[in-house]
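> The structure is given below, and queries will be raised subsequently.
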Amino acid sequence: MSDNHETVIAATRDWVEKAVIGLNLCPFAKSVYVKNQVRIQVSEASDVRQLAEELAAELKLLADTDPQEIDTTLLVHPGVLQRFLDFNEFLDIADAMVAELNLEGEIQVASFHPKFQFEGTGINDIENYTNRSPYPTLHLIREASIDRAVEAFPEAEAIYERNIETLQTLGLAGWKALFASKPEQK
């Protein structure tokens with residue numbers, strides 16, 4: 001693994017630990033993370049075609065692997081789709097690929113990006129940070145895992161609103177302070 005991959009993985013783990021789990025932005029993340037069931041795969045892609053091929057391979061791998069071994073995958077792609085609008089357009093390709101591989105109802109793709117912006121928000125609005133990651137990232141999620149998590153957390157629809165409240169309380173300065181120290185490379 002190159003130093004670049006180590007840096008990308010360290011920054012991604014730091015984000016997962018400090019924001020996703022630490023701020024409880026996803027109440028389902030901690031249990032699979034502490035069991036080492038989260039695969040973080042750094043893409044070598046330098047164009048959309050390569051990323052689509054790697055996404056197909058990761059979707060197949062996740063579908064074919066026991067959930068006790070890999071429950072979810074973060075496909076981090078630092079070399080492609082740096083512009084958020086391009087990334088957002090790629091999500092249609094990702095959804096089409098899920099359908100093409102007959103994985104609808106089995107796996108879905110969630111999106112995280114350093115410049116993530118919800119429709120109707122300003123670029124610096126704090127609620128966008130609920131989906132901001134250090135690098136463009138496709139999150140491959142087993143729908144069975146989502147179903148189990150929703151059973152355990154019956155008010156799942158309230159997560160989004162709670163996350164916005166958490167980030168509004170934290171503020172942009174608090175978000176930046178959270179990541180002020182460099183993550184340790186493992």
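If you're wondering about the labels, chains in the structure tokens are A, B, ... by order shown, residues count from 1 in each chain, ligands from 1 in order shown.
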Please provide the set of residues having any atom within 10 Å of Pro67 in chain A, restricted to only C-alpha atoms, with same-chain residues fewer than 6 positions apart removed, written as a compact mmCIF listing (two decimals) with C-alpha atoms, in the first residue's frame.

```txt
# COMPACT_ATOMS: atom_id res chain seq x y z
CA VAL A 32 -19.97 -2.79 12.49
CA GLN A 37 -16.80 -5.28 9.32
CA VAL A 38 -16.27 -2.00 7.42
CA ARG A 142 -26.49 -4.01 2.66
CA ALA A 144 -30.64 -6.19 5.34
CA SER A 145 -28.27 -4.30 7.65
```
> Could you give me, as a PDB file with N, CA, C and O atoms, in the first residue's frame, the residues within 10 Å of Lys30 in chain A, counting only C-alpha atoms and dropping anything in the same chain fewer than 6 positions from it?

```
ATOM      1  N   VAL A  16     -14.641   8.794  10.055  1.00  0.00           N
ATOM      2  CA  VAL A  16     -15.621   7.834  10.574  1.00  0.00           C
ATOM      3  C   VAL A  16     -15.641   7.887  12.104  1.00  0.00           C
ATOM      4  O   VAL A  16     -16.704   7.961  12.722  1.00  0.00           O
ATOM      5  N   GLU A  17     -14.462   7.856  12.711  1.00  0.00           N
ATOM      6  CA  GLU A  17     -14.378   7.810  14.176  1.00  0.00           C
ATOM      7  C   GLU A  17     -14.831   9.108  14.837  1.00  0.00           C
ATOM      8  O   GLU A  17     -15.541   9.074  15.843  1.00  0.00           O
ATOM      9  N   VAL A  20     -18.758  10.444  12.025  1.00  0.00           N
ATOM     10  CA  VAL A  20     -19.841   9.474  11.827  1.00  0.00           C
ATOM     11  C   VAL A  20     -20.194   8.782  13.135  1.00  0.00           C
ATOM     12  O   VAL A  20     -21.364   8.712  13.512  1.00  0.00           O
ATOM     13  N   ILE A  21     -19.166   8.302  13.862  1.00  0.00           N
ATOM     14  CA  ILE A  21     -19.404   7.620  15.139  1.00  0.00           C
ATOM     15  C   ILE A  21     -19.350   8.619  16.294  1.00  0.00           C
ATOM     16  O   ILE A  21     -20.227   8.647  17.147  1.00  0.00           O
ATOM     17  N   GLY A  22     -18.328   9.455  16.320  1.00  0.00           N
ATOM     18  CA  GLY A  22     -18.126  10.375  17.440  1.00  0.00           C
ATOM     19  C   GLY A  22     -19.268  11.352  17.646  1.00  0.00           C
ATOM     20  O   GLY A  22     -19.660  11.628  18.780  1.00  0.00           O
ATOM     21  N   ASN A  24     -22.172  10.691  16.373  1.00  0.00           N
ATOM     22  CA  ASN A  24     -23.335   9.808  16.240  1.00  0.00           C
ATOM     23  C   ASN A  24     -24.201  10.194  15.039  1.00  0.00           C
ATOM     24  O   ASN A  24     -25.430  10.122  15.096  1.00  0.00           O
ATOM     25  N   ASN A  36     -14.784  -4.593  12.976  1.00  0.00           N
ATOM     26  CA  ASN A  36     -13.954  -4.618  11.754  1.00  0.00           C
ATOM     27  C   ASN A  36     -14.702  -5.172  10.553  1.00  0.00           C
ATOM     28  O   ASN A  36     -14.139  -5.888   9.731  1.00  0.00           O
ATOM     29  N   VAL A  38     -16.221  -3.084   8.391  1.00  0.00           N
ATOM     30  CA  VAL A  38     -16.272  -2.001   7.415  1.00  0.00           C
ATOM     31  C   VAL A  38     -15.023  -2.095   6.546  1.00  0.00           C
ATOM     32  O   VAL A  38     -13.904  -1.993   7.044  1.00  0.00           O
TER      33      VAL A  38
END
```
> Need the shell around Ala110 in chain A: protein/DNA/RNA residues with any atom at most 9 Å away, counting only C-alpha atoms. Skip same-chain ones fewer than 6 positions apart. Format as a count of residues only?
6
> With only C-alpha atoms as the counted atoms, please give the residues lying no more than 7 Å from Asn163 in chain A, apart from itself and same-chain residues fewer than 3 positions off, as an mmCIF file with C-alpha atoms, in the first residue's frame.

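Okay, around-v6.cif is ready:
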```
data_model
loop_
_atom_site.group_PDB
_atom_site.id
_atom_site.type_symbol
_atom_site.label_atom_id
_atom_site.label_comp_id
_atom_site.auth_asym_id
_atom_site.auth_seq_id
_atom_site.Cartn_x
_atom_site.Cartn_y
_atom_site.Cartn_z
ATOM 1 C CA LEU A 25 -24.287 10.951 12.728
ATOM 2 C CA THR A 130 -23.560 15.539 7.556
ATOM 3 C CA ILE A 159 -31.725 10.886 12.311
ATOM 4 C CA TYR A 160 -31.394 13.525 9.588
ATOM 5 C CA THR A 166 -25.958 18.370 16.237
ATOM 6 C CA LEU A 167 -24.010 20.206 13.548
#
```
> Within 12 Å of range 113-127 of chain A, counting only C-alpha atoms, which residues qualify if same-chain residues fewer than 4 places away don't, as a PyMOL selection string?
chain A and resi 11-12+15+25+74-78+80-88+91+131-139+160-176
> Rank A:Ile93, A:Val8, A:Ala99, A:Ala152 by their smallest atom-to-atom distance to Leu51 in chain A, using only C-alpha atoms, and report the top residue only.
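For Leu51 in chain A, the nearest of the candidates is A:Ile93.
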> Report the distance between CA of Arg148 in chain A and CA of Cys26 in chain A in Å, rounded to one decimal place.
13.7 Å
> Going by DSSP on the backbone, which residues of range 26-82 of chain A come out as strand (DSSP E or B)? List them as an mmCIF file with N, CA, C and O atoms, in the first residue's frame.

```
data_model
loop_
_atom_site.group_PDB
_atom_site.id
_atom_site.type_symbol
_atom_site.label_atom_id
_atom_site.label_comp_id
_atom_site.auth_asym_id
_atom_site.auth_seq_id
_atom_site.Cartn_x
_atom_site.Cartn_y
_atom_site.Cartn_z
ATOM 1 N N VAL A 38 -16.221 -3.084 8.391
ATOM 2 C CA VAL A 38 -16.272 -2.001 7.415
ATOM 3 C C VAL A 38 -15.023 -2.095 6.546
ATOM 4 O O VAL A 38 -13.904 -1.993 7.044
ATOM 5 N N ARG A 39 -15.235 -2.322 5.267
ATOM 6 C CA ARG A 39 -14.119 -2.378 4.313
ATOM 7 C C ARG A 39 -13.910 -0.967 3.765
ATOM 8 O O ARG A 39 -14.845 -0.343 3.278
ATOM 9 N N ILE A 40 -12.683 -0.483 3.886
ATOM 10 C CA ILE A 40 -12.323 0.796 3.275
ATOM 11 C C ILE A 40 -11.389 0.475 2.116
ATOM 12 O O ILE A 40 -10.269 0.004 2.319
ATOM 13 N N GLN A 41 -11.886 0.704 0.911
ATOM 14 C CA GLN A 41 -11.135 0.394 -0.296
ATOM 15 C C GLN A 41 -10.799 1.696 -1.009
ATOM 16 O O GLN A 41 -11.690 2.466 -1.347
ATOM 17 N N VAL A 42 -9.519 1.941 -1.238
ATOM 18 C CA VAL A 42 -9.090 3.132 -1.955
ATOM 19 C C VAL A 42 -8.992 2.800 -3.436
ATOM 20 O O VAL A 42 -8.294 1.869 -3.834
ATOM 21 N N THR A 72 -20.259 -3.664 5.264
ATOM 22 C CA THR A 72 -20.425 -2.461 4.452
ATOM 23 C C THR A 72 -19.071 -2.057 3.875
ATOM 24 O O THR A 72 -18.027 -2.422 4.429
ATOM 25 N N THR A 73 -19.090 -1.328 2.774
ATOM 26 C CA THR A 73 -17.855 -0.924 2.106
ATOM 27 C C THR A 73 -17.857 0.571 1.843
ATOM 28 O O THR A 73 -18.869 1.123 1.394
ATOM 29 N N LEU A 74 -16.728 1.209 2.110
ATOM 30 C CA LEU A 74 -16.503 2.592 1.712
ATOM 31 C C LEU A 74 -15.507 2.555 0.550
ATOM 32 O O LEU A 74 -14.348 2.171 0.738
ATOM 33 N N LEU A 75 -15.973 2.895 -0.640
ATOM 34 C CA LEU A 75 -15.104 2.971 -1.809
ATOM 35 C C LEU A 75 -14.692 4.430 -1.956
ATOM 36 O O LEU A 75 -15.460 5.284 -2.402
ATOM 37 N N VAL A 76 -13.466 4.717 -1.529
ATOM 38 C CA VAL A 76 -12.935 6.075 -1.510
ATOM 39 C C VAL A 76 -12.158 6.280 -2.808
ATOM 40 O O VAL A 76 -11.290 5.476 -3.143
#
```
> Find the residue from A:Ile70, A:Phe28, A:His5, A:Ser43 that sits nearest to Val150 in chain A; use only C-alpha atoms when measuring.
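Answer, going by the shortest atom-to-atom distance: A:Phe28.
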> Tell me which of A:Leu55, A:Gly79, A:Ala19, A:Asp66 sits closest to Asn4 in chain A, counting only C-alpha atoms.
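So, comparing all the options, the nearest one is A:Gly79.
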> Taking the chain letters and numbering used in this document, name the residues of range 34-78 of chain A that DSSP puts in helix (DSSP H, G or I), as an MDAnalysis selection string.
chainID A and resid 34 48:64
